[in-house]
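Structure file protein.pdb; described as PDB, C-alpha atoms.
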```pdb
MODEL        1
ATOM      1  CA  MET B  30     183.848-117.729  45.515  1.00  0.00           C
ATOM      2  CA  HIS B  31     184.325-113.985  45.830  1.00  0.00           C
ATOM      3  CA  ASP B  32     180.597-113.477  45.094  1.00  0.00           C
ATOM      4  CA  LEU B  33     179.663-115.868  47.895  1.00  0.00           C
ATOM      5  CA  GLU B  34     181.764-113.992  50.435  1.00  0.00           C
ATOM      6  CA  GLN B  35     180.229-110.675  49.363  1.00  0.00           C
ATOM      7  CA  ARG B  36     176.742-112.163  49.647  1.00  0.00           C
ATOM      8  CA  PHE B  37     177.571-113.599  53.045  1.00  0.00           C
ATOM      9  CA  HIS B  38     178.978-110.320  54.393  1.00  0.00           C
ATOM     10  CA  ARG B  39     175.986-108.375  53.098  1.00  0.00           C
ATOM     11  CA  ALA B  40     173.545-110.888  54.601  1.00  0.00           C
ATOM     12  CA  VAL B  41     175.242-111.186  57.974  1.00  0.00           C
ATOM     13  CA  GLY B  42     175.670-107.406  58.111  1.00  0.00           C
ATOM     14  CA  SER B  43     171.910-107.004  57.904  1.00  0.00           C
ATOM     15  CA  LEU B  44     171.605-109.209  60.989  1.00  0.00           C
ATOM     16  CA  ILE B  45     174.406-107.717  63.053  1.00  0.00           C
ATOM     17  CA  GLY B  46     173.433-104.183  62.150  1.00  0.00           C
ATOM     18  CA  ASN B  47     169.897-104.734  63.380  1.00  0.00           C
ATOM     19  CA  GLU B  48     170.100-104.463  67.157  1.00  0.00           C
ATOM     20  CA  SER B  49     166.314-104.447  67.425  1.00  0.00           C
ATOM     21  CA  LEU B  50     166.501-108.200  66.828  1.00  0.00           C
ATOM     22  CA  ILE B  51     168.124-108.833  70.209  1.00  0.00           C
ATOM     23  CA  ILE B  52     167.152-105.829  72.315  1.00  0.00           C
ATOM     24  CA  SER B  53     165.840-107.964  75.187  1.00  0.00           C
ATOM     25  CA  LEU B  54     168.974-110.139  75.520  1.00  0.00           C
ATOM     26  CA  ASP B  55     172.100-109.652  77.589  1.00  0.00           C
ATOM     27  CA  GLU B  56     175.434-109.453  75.776  1.00  0.00           C
ATOM     28  CA  ASN B  57     176.353-113.131  76.153  1.00  0.00           C
ATOM     29  CA  ALA B  58     172.997-114.424  74.979  1.00  0.00           C
ATOM     30  CA  ALA B  59     172.992-111.991  72.054  1.00  0.00           C
ATOM     31  CA  GLY B  60     176.460-113.170  71.042  1.00  0.00           C
ATOM     32  CA  GLU B  61     175.376-116.800  71.100  1.00  0.00           C
ATOM     33  CA  LEU B  62     172.248-116.066  69.094  1.00  0.00           C
ATOM     34  CA  PHE B  63     174.191-114.057  66.511  1.00  0.00           C
ATOM     35  CA  ALA B  64     176.811-116.827  66.222  1.00  0.00           C
ATOM     36  CA  TRP B  65     174.036-119.311  65.486  1.00  0.00           C
ATOM     37  CA  ALA B  66     172.390-116.934  63.008  1.00  0.00           C
ATOM     38  CA  GLU B  67     175.732-116.359  61.293  1.00  0.00           C
ATOM     39  CA  ALA B  68     176.204-120.101  60.803  1.00  0.00           C
ATOM     40  CA  ILE B  69     172.686-120.424  59.368  1.00  0.00           C
ATOM     41  CA  THR B  70     173.330-117.424  57.111  1.00  0.00           C
ATOM     42  CA  ARG B  71     176.456-119.080  55.744  1.00  0.00           C
ATOM     43  CA  LYS B  72     174.421-122.200  54.873  1.00  0.00           C
ATOM     44  CA  ILE B  73     171.729-120.100  53.212  1.00  0.00           C
ATOM     45  CA  VAL B  74     174.327-118.259  51.141  1.00  0.00           C
ATOM     46  CA  GLN B  75     176.009-121.542  50.158  1.00  0.00           C
ATOM     47  CA  ASP B  76     172.748-122.475  48.414  1.00  0.00           C
ATOM     48  CA  THR B  77     173.413-119.666  45.917  1.00  0.00           C
ATOM     49  CA  ILE B  78     176.587-121.214  44.463  1.00  0.00           C
ATOM     50  CA  GLY B  79     176.486-120.852  40.716  1.00  0.00           C
ATOM     51  CA  LEU B  80     173.626-118.348  40.669  1.00  0.00           C
ATOM     52  CA  ASP B  81     173.892-114.878  39.215  1.00  0.00           C
ATOM     53  CA  ASP B  82     173.196-111.959  41.540  1.00  0.00           C
ATOM     54  CA  GLU B  83     169.528-111.600  40.597  1.00  0.00           C
ATOM     55  CA  ALA B  84     168.746-115.288  41.065  1.00  0.00           C
ATOM     56  CA  ALA B  85     170.771-115.374  44.278  1.00  0.00           C
ATOM     57  CA  GLU B  86     168.871-112.402  45.676  1.00  0.00           C
ATOM     58  CA  SER B  87     165.552-114.073  44.833  1.00  0.00           C
ATOM     59  CA  ARG B  88     166.647-117.151  46.739  1.00  0.00           C
ATOM     60  CA  LEU B  89     168.226-115.264  49.660  1.00  0.00           C
ATOM     61  CA  ALA B  90     165.592-112.627  50.401  1.00  0.00           C
ATOM     62  CA  PRO B  91     162.771-114.818  51.769  1.00  0.00           C
ATOM     63  CA  ARG B  92     165.135-117.078  53.699  1.00  0.00           C
ATOM     64  CA  LEU B  93     167.009-114.201  55.312  1.00  0.00           C
ATOM     65  CA  ARG B  94     163.719-112.520  56.198  1.00  0.00           C
ATOM     66  CA  ALA B  95     162.552-115.746  57.858  1.00  0.00           C
ATOM     67  CA  LEU B  96     165.843-115.964  59.749  1.00  0.00           C
ATOM     68  CA  ARG B  97     165.492-112.383  61.021  1.00  0.00           C
ATOM     69  CA  LEU B  98     161.945-113.138  62.187  1.00  0.00           C
ATOM     70  CA  MET B  99     163.166-116.275  63.935  1.00  0.00           C
ATOM     71  CA  VAL B 100     166.036-114.451  65.636  1.00  0.00           C
ATOM     72  CA  ARG B 101     163.679-111.726  66.841  1.00  0.00           C
ATOM     73  CA  ALA B 102     161.172-114.276  68.167  1.00  0.00           C
ATOM     74  CA  LEU B 103     163.862-116.313  69.931  1.00  0.00           C
ATOM     75  CA  ALA B 104     165.367-113.215  71.466  1.00  0.00           C
ATOM     76  CA  ARG B 105     161.994-112.092  72.777  1.00  0.00           C
ATOM     77  CA  TRP B 106     161.129-115.563  74.023  1.00  0.00           C
ATOM     78  CA  VAL B 107     164.421-115.877  75.909  1.00  0.00           C
ATOM     79  CA  GLY B 108     164.927-112.274  76.945  1.00  0.00           C
ATOM     80  CA  GLU B 109     161.382-111.591  78.065  1.00  0.00           C
ATOM     81  CA  PHE B 110     160.534-115.055  79.380  1.00  0.00           C
ATOM     82  CA  HIS B 111     159.991-113.767  82.903  1.00  0.00           C
ATOM     83  CA  VAL B 112     157.528-111.052  81.809  1.00  0.00           C
ATOM     84  CA  LEU B 113     155.583-112.873  79.090  1.00  0.00           C
ATOM     85  CA  ASP B 114     152.553-114.913  80.014  1.00  0.00           C
ATOM     86  CA  GLU B 115     152.133-118.386  78.572  1.00  0.00           C
ATOM     87  CA  GLN B 116     149.894-117.202  75.735  1.00  0.00           C
ATOM     88  CA  ALA B 117     152.420-114.560  74.665  1.00  0.00           C
ATOM     89  CA  ARG B 118     155.266-117.108  74.698  1.00  0.00           C
ATOM     90  CA  LEU B 119     153.225-119.560  72.640  1.00  0.00           C
ATOM     91  CA  SER B 120     152.347-116.870  70.102  1.00  0.00           C
ATOM     92  CA  LEU B 121     156.061-116.328  69.445  1.00  0.00           C
ATOM     93  CA  TRP B 122     156.326-119.891  68.218  1.00  0.00           C
TER      94      TRP B 122
ENDMDL
END
```
Will you turn the file into structure tokens for me?
Amino acid sequence: MHDLEQRFHRAVGSLIGNESLIISLDENAAGELFAWAEAITRKIVQDTIGLDDEAAESRLAPRLRALRLMVRALARWVGEFHVLDEQARLSLW
């Protein structure tokens, strides 16, 4: 279980430490988005139970990258909604 917590803290740290993901959001919205991303990260890490570090990293890396891309897109879509035209909003999806 200790390995899972280390994996989780490393993974969530890469999200929280990356303020560029939520630059267009106010503090409350950013907090909500990070809380959601943290919960998703925990589920992603849970899928590595029983895996050694190398196998876990192979499973985590693409999923965490996808999560970061999703967080960035959601933050832009919400935070810049009033300045993006319809085409730009649709391209974020």
* To do: Determine the nearest neighbour of Thr70 of chain B from the options B:Ser120, B:Gly42, B:Gly108, B:Asp114, counting all atoms listed in the file.
  => B:Gly42
* Evaluate the PyMOL selection byres ((chain B and resi 63-69) around 12) on the structure here and hand back the selected residues as number ranges by chain. => B: 37-48, 50-51, 54, 56-62, 70-76, 89, 92-101, 103-104
Padding 3 Å on every side, please: axis-aligned box over the listed atoms of segment 90-104 of chain B, centre and edge lengths to one decimal in Å, as JSON.
```
{"center_x": 164.1, "center_y": -114.4, "center_z": 60.9, "size_x": 11.8, "size_y": 11.4, "size_z": 27.1}
```
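The space separating atom CA of Leu119 of chain B from atom CA of Trp106 of chain B comes to 9.0 Å.
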* Structure fact -> Of B:Val107, B:Arg36, B:Glu115, B:His31, the one nearest to Glu86 of chain B when counting all atoms listed in the file is B:Arg36
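Rounded to one decimal, atom CA of Ser53 of chain B and atom CA of Ala90 of chain B lie 25.2 Å from each other.
Reported to one decimal place, the separation of atom CA of Asp55 of chain B from atom CA of Glu34 of chain B is 29.1 Å.
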